[in-house]
Amino acid sequence: AMMPVGVRSVGGSVGVGRGVPPSGRRCCALRSSRANVSAARASSRQEGDGPTQAGPVGRRQAMELAATLAWVAGAGARAPLAEAVERPVEVGSYLDAAAGLPGFFEFVPGGQETPAIRAGTIGKYKFAMPGTWVRRTVANILSGNYCQPRCDEPWTEVLFQGPKEGSLQVIVSPLNKLSRRSLEKNESIDAVGTLDGIINALGPNITGNTIEEEEVTVAEAKTIDGVTYYWYVLDTPYAKTGQHQVASIAAKDNAVFVLAVSATNKQWAQNEDKLLTIQKSFRV
């Protein structure tokens, strides 16, 4: 029998995976520095002004070696900063216009777009956003890159941000975090849990904090093309992502998809309609 998510159960709450191995950059930088040091030593020996291979290091060789090590260390320290620099481009310059939504553009991930899609863990999804929004980089530790195709915890698929409206993220949770059985054909999120149960379980991933009952101002189920979506509007004064959130949650195959849009009070007051349009455009 199906075990739905409890109305106030927090046991199914989800978070960032742990036990992630460290980046290989340090190892690569070490190998690179060793190679540079070896090259410096070889160059010094070839110049003929130093000792034999078995003798002590000469003064000139020591100075050259120190200079080489200093350069390698400096380059290694600067490299991560260079990689972290983003050059965002407005989505309106490369995405197709969303049908029936003037000024909005539709995002559909490619076959190699994210670690989960590359691994075949999930299928495609889509949503629309204003053309002035830009994509942001998902940190490797949040992307599920290390655990696909069998992640035990939710991961972040994509991040986008608007210049004035707010920001959005698509989060995916393994179905087994919320249900003890797989979905049957034509089953949707309503077979996984109730409106209350699902937002209680996944709310912390949206806001970075627990969701209180009074913070859920709208909770409704909509069926579109045979798929049920849970739509939420949240007023969360203690959220780390902003006071206002809108979310669309759906289930497909062995995953639960969350599109969450966050905004400050000012952003919400000026762009509520746009943010709700993003929410309602989400499809799995």
# chains A, B, ... in the order shown; residues from 1 in each chain; ligands from 1
>>> residues_around(residues="segment 144-148 of chain A", least_positions_apart="5", cutoff="7 Å", atoms="only C-alpha atoms", output="short mmCIF file (atom, residue, chain, number, x, y, z; two decimals) with N, CA and C atoms, in the first residue's frame")
data_model
loop_
_atom_site.label_atom_id
_atom_site.label_comp_id
_atom_site.auth_asym_id
_atom_site.auth_seq_id
_atom_site.Cartn_x
_atom_site.Cartn_y
_atom_site.Cartn_z
N VAL A 20 30.89 14.17 -0.20
CA VAL A 20 31.37 14.50 -1.53
C VAL A 20 32.88 14.58 -1.52
N PRO A 115 24.16 16.92 -14.95
CA PRO A 115 24.62 15.56 -14.61
C PRO A 115 23.49 14.54 -14.58
N ALA A 116 22.32 14.91 -14.07
CA ALA A 116 21.21 13.94 -13.97
C ALA A 116 20.68 13.56 -15.34
N ALA A 119 23.19 11.31 -17.09
CA ALA A 119 23.18 9.96 -16.52
C ALA A 119 21.90 9.20 -16.83
N TRP A 155 19.09 17.31 -5.54
CA TRP A 155 20.15 18.11 -6.15
C TRP A 155 19.51 19.27 -6.92
#
>>> residues_around(residues="segment 131-136 of chain A", least_positions_apart="6", cutoff="6 Å", atoms="only C-alpha atoms", output="NGL selection string")
:A and (88-92 or 104-105 or 159-162)
>>> closest_residue(among="A:Asn186, A:Asn200, A:Thr210, A:Gln245", to="Asp225 of chain A", atoms="only C-alpha atoms")
A:Asn186
>>> select_by_dssp(residues="segment 152-192 of chain A", states="helix (DSSP H, G or I)", output="PyMOL selection string")
chain A and resi 175-177+189-191
>>> write_last_selection(atoms="N, CA, C and O atoms", output="compact mmCIF listing (two decimals), in the first residue's frame")
# COMPACT_ATOMS: atom_id res chain seq x y z
N LEU A 175 12.48 9.92 -5.77
CA LEU A 175 11.14 9.57 -5.32
C LEU A 175 11.16 8.81 -4.00
O LEU A 175 10.28 8.98 -3.16
N ASN A 176 12.19 7.99 -3.80
CA ASN A 176 12.23 7.18 -2.58
C ASN A 176 12.43 7.99 -1.31
O ASN A 176 12.35 7.46 -0.20
N LYS A 177 12.72 9.30 -1.42
CA LYS A 177 12.77 10.15 -0.24
C LYS A 177 11.37 10.47 0.27
O LYS A 177 11.20 10.87 1.42
N ILE A 189 1.98 13.51 -8.77
CA ILE A 189 2.41 13.91 -7.44
C ILE A 189 1.36 13.59 -6.38
O ILE A 189 1.69 13.33 -5.22
N ASP A 190 0.08 13.56 -6.74
CA ASP A 190 -0.96 13.25 -5.76
C ASP A 190 -0.89 11.81 -5.27
O ASP A 190 -1.48 11.48 -4.24
N ALA A 191 -0.17 10.95 -6.01
CA ALA A 191 0.04 9.58 -5.55
C ALA A 191 1.23 9.48 -4.60
O ALA A 191 1.44 8.45 -3.97
>>> closest_residue(among="A:Thr241, A:Ser143, A:Asn271, A:Asn254", to="Glu184 of chain A", atoms="only C-alpha atoms")
A:Asn254
>>> select_by_dssp(residues="segment 123-222 of chain A", states="strand (DSSP E or B)", output="PyMOL selection string")
chain A and resi 126-130+134-136+155-161+167-174+193+216-222
